[in-house]
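A short worksheet on the structure shown next.
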Amino acid sequence: MSEENKLLSPGIYVRIKTKDGAIIEGLIVQRYEIFDPGFITLKLKNGYNIGISIKKIESVELLNKEIEMRRGEGEIVPIFEKTESKGKEIHIISTGGTIASKIDYQTGGVKPVLTADELIEMIPELNSIAKFKSEILMSIFSENMNPKYWEKIAERVAEVLVKEPDTGVIITHGTDTLAYTSSALSFALRNIGSPIALVGSQRSSDRPSSDSPFNLIAASIYATSDICEPAVVMHGETSDSYALAHRGTRVRKMHTSRRDAFQSISSLPLAKIFPAEKKIEVIRKDAKICSKSGNLEAYTKFSENVSLLKYYPGMPGWIFEILAEKGIKGIVIEGSGLGHVSTEIIDSIKNVIDRGTIVVMTSQCIFGRVNMNVYSTGRLLKKIGIISGENMLSETAFVKLSWLLGNFKDEEEITRLFATNIAGEYEGRELLNYYPRWNHGEQ
Amino acid sequence: MESSNNEIDFRKIGLKVGLEIHQQLKTERKLFCNCPISSEEGREELFERSLRPTTSEFGEVDIAAYFEWKKGRRYRYHAPHPSSCLVEADEEPPHEINREALEVVIGISKALGSIPVDEVHVMRKIVIDGSNTSGFQRTMLVSIGGRIEVEGKSYRIQTICLEEDAARKGEDEGNISHYIIDRLGIPLIEIATAPDIETPEEAQKVALYIGQLLRLSGKVKRGIGTIRQDLNISIEGGEKVEIKGVQELKILAKTVELEAMRQLRLLEIREELKKRGLSEQDVKLSPIDVTDILKRSQSKIVRANLSKPKGKALAQILHRFKGILGTEVQPNRRFGTELADYARFYGDVRGLFHSDELPNYGISKEEVEMIYNALGADREKDAFVLIVDEESKALKSMEAVINRVKYAFKGIPKETRVAMPDGTTKFLRPQPGAARMYPETDIPPIIITEEIMKSSEKYTPQTPEKKKEYYIKELGLSRALAEQMVMNESFDFFDELVEEFKGSIEPTTIASIMLVTMPALKREGLNVELIPERSIREIFSLFARRMITREGIEELLKQLSKKPEEKPEKIAKELGLLSLGEEEVRKIIEKVVEENMNVIREKGEKAEGILMGKAMQILRGKAPGSLVSKLIREKLSEILSKS
């Protein structure tokens, strides 16, 4: 490294002369690893960042200024004052995700770093709802979640609830696989005596328009309610009007980026929550109301040997056989339509079933129920031993199978339990208005 | 342009002005999504949000953002289907940057001698007044440096940025502000000059020059609200004050002049306070409750505010400040008005009175006396501030007022002010710091490649000289008209009209109506500038279709300047300006000839002139003179050949 290049390290205030003849002063800031290494990033006094090509630098002069310029010229007020909290207790378990994220100066992306404590500090309104305790259980993006992490979360929630049975629980989580985790908790924890809210955000906490304050307030209202079910609590519509608490096994992320991405599928949400009024309205008559009786039962194991496969035209049968060879014990198929796959691959599926793999059929239509009696292909599939997932969401079926294989050994028992409605995963009746109204040209 | 204030020698007071010119670009689509840049109306979606300040890397909150949040405002957004999508609704991350917009900005940079950076970084500038659904404006610095020369003087360019425009402000209803998001995301170029401008006239000339240069690129939008000027103004011994949103070039010089005057008055107030032997320590927050004194006041504002729950009247003495609060700092703005602005911003209070303006507003002489007594104040020397509102608000704003009064000893506070249509300025908020700027993590930096540099060349504005030659050689304008046109703010409108009426109207006709007829009407006192462009377009269209005459154009402009919202065709019909068909004209001429047979008998062919005059009395504006003259000649020779 030349003498001059040494001056190009982050945190140093420099005056750079370029070969174009420009003279630029600023602070060298950390450059994100994924960016082109042939440039340096300079923060100018006006707050802008610019990139300068190292090749184009004529000379660098070290300036004797401190980083104080980054503090800006404007008047700055201290962060929100802490207020006295009151009421019921809520235990926040942070797992990561956008709701708990901040700009990562290494990669330029958002990274989960905010602690639950910091979140409370940022949202003083929370203190008028409950007393908060918080912990960081893990700090990972939700795409990196897996059944082992579900176990860890379930075990931790069980511990908290055994120690403090009256405490409401909030789990902050990335949104991508939030619905899988909510399913996992719904199966793992039985007879819970407190509400469990899983919450995320679609706009990171570092922006003024973030949905995390709204969602967290809503989750806190849910966590102090008397609905004793794990629920996903997120925006109900694009406005900051109401949030919804969705039953953990019936919810799905239906949009990549909208605030109201989470919806109850072929089903109704448990409750509607109005954060501004601090009010909750129960929607489902069968929402489980907390009772003092009954002890918490925790079956927190999940098998990693389950696969979720989407059927596509031309899908070869060997995929199933390879999965079985790799030790996969349960396969959930997202079949076409009422629950079909090509007749050409039925033999392969039969082979894996015969070797002891449990195969479940769900539908890639997302809405509606699997019915393998209507067409001959379906009847064939049923005959070789494929279990119908009925109208269970394919993701939920996947989690349920993983849970069953993790906690039970007997195949018949597993098959029987799969067909049993354990955590509201089966919706008995699908009403006409459970299917959304799409836009048909109403401009 | 108005003449400068003769009392102020701007160079002597060390006036320094920097301009920030914001101009919407005319690109195919918006800066960060595929929405077209259109003001087409259509069905709209409505949604409502709130925004809250975020902490900087230092765990601090920008004060401007903090106060917006404290006001507890909610924002109702109108999202028109033709011009907005999930990106404007903050329901989808931004797409990749619009390359065309970036190239236009680089092209314009070249004309200003400004050097593009090697890599452009998109930043988020926190703005939480609701005008951006995200709570920040995306902006990027594209070029650094450069200079322009205007009337022999050189002005440095500091930076050229590309940013997204904000949403359009709608109505306020209680604590809900409405915004329309069709404008949100339209690319804007921002050109900032160094503070090299030394007089109000220079400011206006430099702004015009930059505006013309932008228009010469052919890639900027026209019309109201497409260009906005911000100003940075300071005088010697003061601080730099930001003035936002000068909408019209016409009032730019006046705004500079009145702001310089305000700053000068503030320094004079500082001197006066010194002369009185006062210092900052003499001003202490010590309000007393005077609710009882004003309980039965005749003042409506006082009564309305006292009837609020916990409504209180607080009075604060300002020892030996008599006359200071009433000092005029700008036309119709006193030092007391400045205090009232602070009370409104920090405490959301509207009922502020001060002793230099009392008795007034229904507050009686007796009440003023009683307040003086309650404060133990000397009415010959002391002043007081009176705030009537909910107690907590009143206290908060009194504190802000005291802080502002204390600042009078320093002189000119560093603030962001907003330009009013009359050229005065009003406190908007404290100046935001660099804490409000942080990287937009959804968009990776853009390397300015050779390829981008090359394709940006086509957007470099042509020089005014070249444009003038084009007008003379290609459009056939006289040198004088061409010269005037390149200096006219509406030359791009002229270009559009020429293009639209190619083959049916001579460019010279359009130019002379814009540059001769309309200014002449304006000199007569008619507000021709109020006529919307679409109406002017329609007038030319009527003329192109030979439905009105050249004279008819002038008549229509006159009428429309009085009723700018009317449709030209409707007015033309009402005034009988619509041209008559040849048959109708012939009939009228026959009648004129019949009535003047004796003149024809007497003068023979020489009667033509007289007949023409009589006929035109009836037909002016309804038929072209050439047609009238032709028909008269025909009729005349017919009669004369018979006799």
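Naming scheme: A, B, ... for chains in displayed order of the structure tokens; residues 1 onward per chain; ligands 1 onward as shown.
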Contact check, chain B to chain A, at most 8 Å, counting only C-alpha atoms, closest pairs as a Markdown table:
| residue | atom | partner | partner_atom | distance |
| --- | --- | --- | --- | --- |
| B:Gly42 | CA | A:Gln443 | CA | 7.8 |
| B:Arg43 | CA | A:Gln443 | CA | 6.3 |
| B:Phe47 | CA | A:Ser239 | CA | 5.0 |
| B:Glu48 | CA | A:Ser239 | CA | 4.7 |
| B:Arg49 | CA | A:Asp240 | CA | 5.0 |
| B:Ser50 | CA | A:Asp240 | CA | 7.0 |
| B:Leu51 | CA | A:Pro208 | CA | 5.1 |
| B:Arg52 | CA | A:Pro208 | CA | 4.8 |
| B:Pro53 | CA | A:Pro208 | CA | 5.3 |
| B:Thr54 | CA | A:Pro208 | CA | 5.7 |
| B:Thr55 | CA | A:Asp206 | CA | 7.4 |
| B:Phe58 | CA | A:Arg71 | CA | 8.0 |
| B:Gly59 | CA | A:Ile79 | CA | 6.7 |
| B:Glu60 | CA | A:Ile79 | CA | 5.5 |
| B:Val61 | CA | A:Val77 | CA | 5.9 |
| B:Asp62 | CA | A:Ile76 | CA | 5.2 |
| B:Ile63 | CA | A:Ile76 | CA | 5.1 |
| B:Tyr66 | CA | A:Val77 | CA | 7.7 |
| B:His81 | CA | A:Gln443 | CA | 6.9 |
| B:Asp90 | CA | A:Ser209 | CA | 8.0 |
| B:Glu91 | CA | A:Arg258 | CA | 4.7 |
| B:Glu92 | CA | A:Ser257 | CA | 5.3 |
| B:Pro93 | CA | A:Ser257 | CA | 7.4 |
| B:Ile115 | CA | A:Ala22 | CA | 7.1 |
| B:Val117 | CA | A:Ile52 | CA | 6.6 |
| B:Asp118 | CA | A:Ile52 | CA | 5.1 |
| B:Glu119 | CA | A:Gly51 | CA | 4.4 |
| B:Val120 | CA | A:Ile50 | CA | 5.7 |
| B:His121 | CA | A:Ile50 | CA | 5.5 |
| B:Val122 | CA | A:Asn49 | CA | 7.9 |
| B:Met123 | CA | A:Tyr48 | CA | 6.7 |
| B:Ile126 | CA | A:Pro208 | CA | 7.8 |
| B:Ile128 | CA | A:Pro208 | CA | 7.1 |
| B:Thr133 | CA | A:Ser209 | CA | 6.8 |
| B:Ser134 | CA | A:Ser209 | CA | 5.0 |
| B:Gly135 | CA | A:Pro208 | CA | 4.9 |
| B:Phe136 | CA | A:Pro208 | CA | 7.5 |
| B:Met140 | CA | A:Tyr48 | CA | 7.1 |
| B:Leu141 | CA | A:Tyr48 | CA | 6.6 |
| B:Ile144 | CA | A:Ala22 | CA | 7.5 |
| B:Gly145 | CA | A:Ala22 | CA | 7.3 |
| B:Pro430 | CA | A:Gly74 | CA | 7.6 |
| B:Gln431 | CA | A:Gly74 | CA | 5.7 |
| B:Pro432 | CA | A:Gly74 | CA | 5.0 |
| B:Gly433 | CA | A:Gly74 | CA | 3.6 |
| B:Ala434 | CA | A:Gly72 | CA | 4.2 |
| B:Ala435 | CA | A:Gly72 | CA | 5.5 |
| B:Met437 | CA | A:Gly47 | CA | 5.6 |
| B:Tyr438 | CA | A:Gly47 | CA | 7.5 |
| B:Pro439 | CA | A:Asn49 | CA | 7.6 |
| B:Thr441 | CA | A:Gly109 | CA | 5.3 |
| B:Asp442 | CA | A:Gly109 | CA | 7.1 |
| B:Pro444 | CA | A:Phe35 | CA | 7.8 |
| B:Pro445 | CA | A:Phe35 | CA | 7.8 |
Q: Determine, counting only C-alpha atoms, which protein, DNA and RNA residues have an atom within 9 Å of an atom of stretch 94-102 of chain B; residues of the same chain fewer than 4 positions away are not included. Present the result as a PyMOL selection string.
A: chain B and resi 25-34+87-88+90+106-107+142+162+187-189+442-444+446+452+456
Q: Go through A:Asn391, A:Ser363, A:Thr420, A:Asn64 one by one, measure the shortest atom-to-atom distance of each to A:Glu25 using only C-alpha atoms, and give the residue with the smallest value.
A: A:Asn64
Q: Would you please give, as a VMD selection string, all residues of stretch 159-190 of chain A that DSSP assigns to strand (DSSP E or B) based on the backbone?
A: chain A and resid 168 to 172 189 to 190
Q) With only C-alpha atoms as the basis for distance, which of B:Glu380, B:Glu272, B:Arg222, B:Gly311 is at the shortest distance from B:Glu496? A)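 Closest to B:Glu496 of all the choices is B:Arg222.
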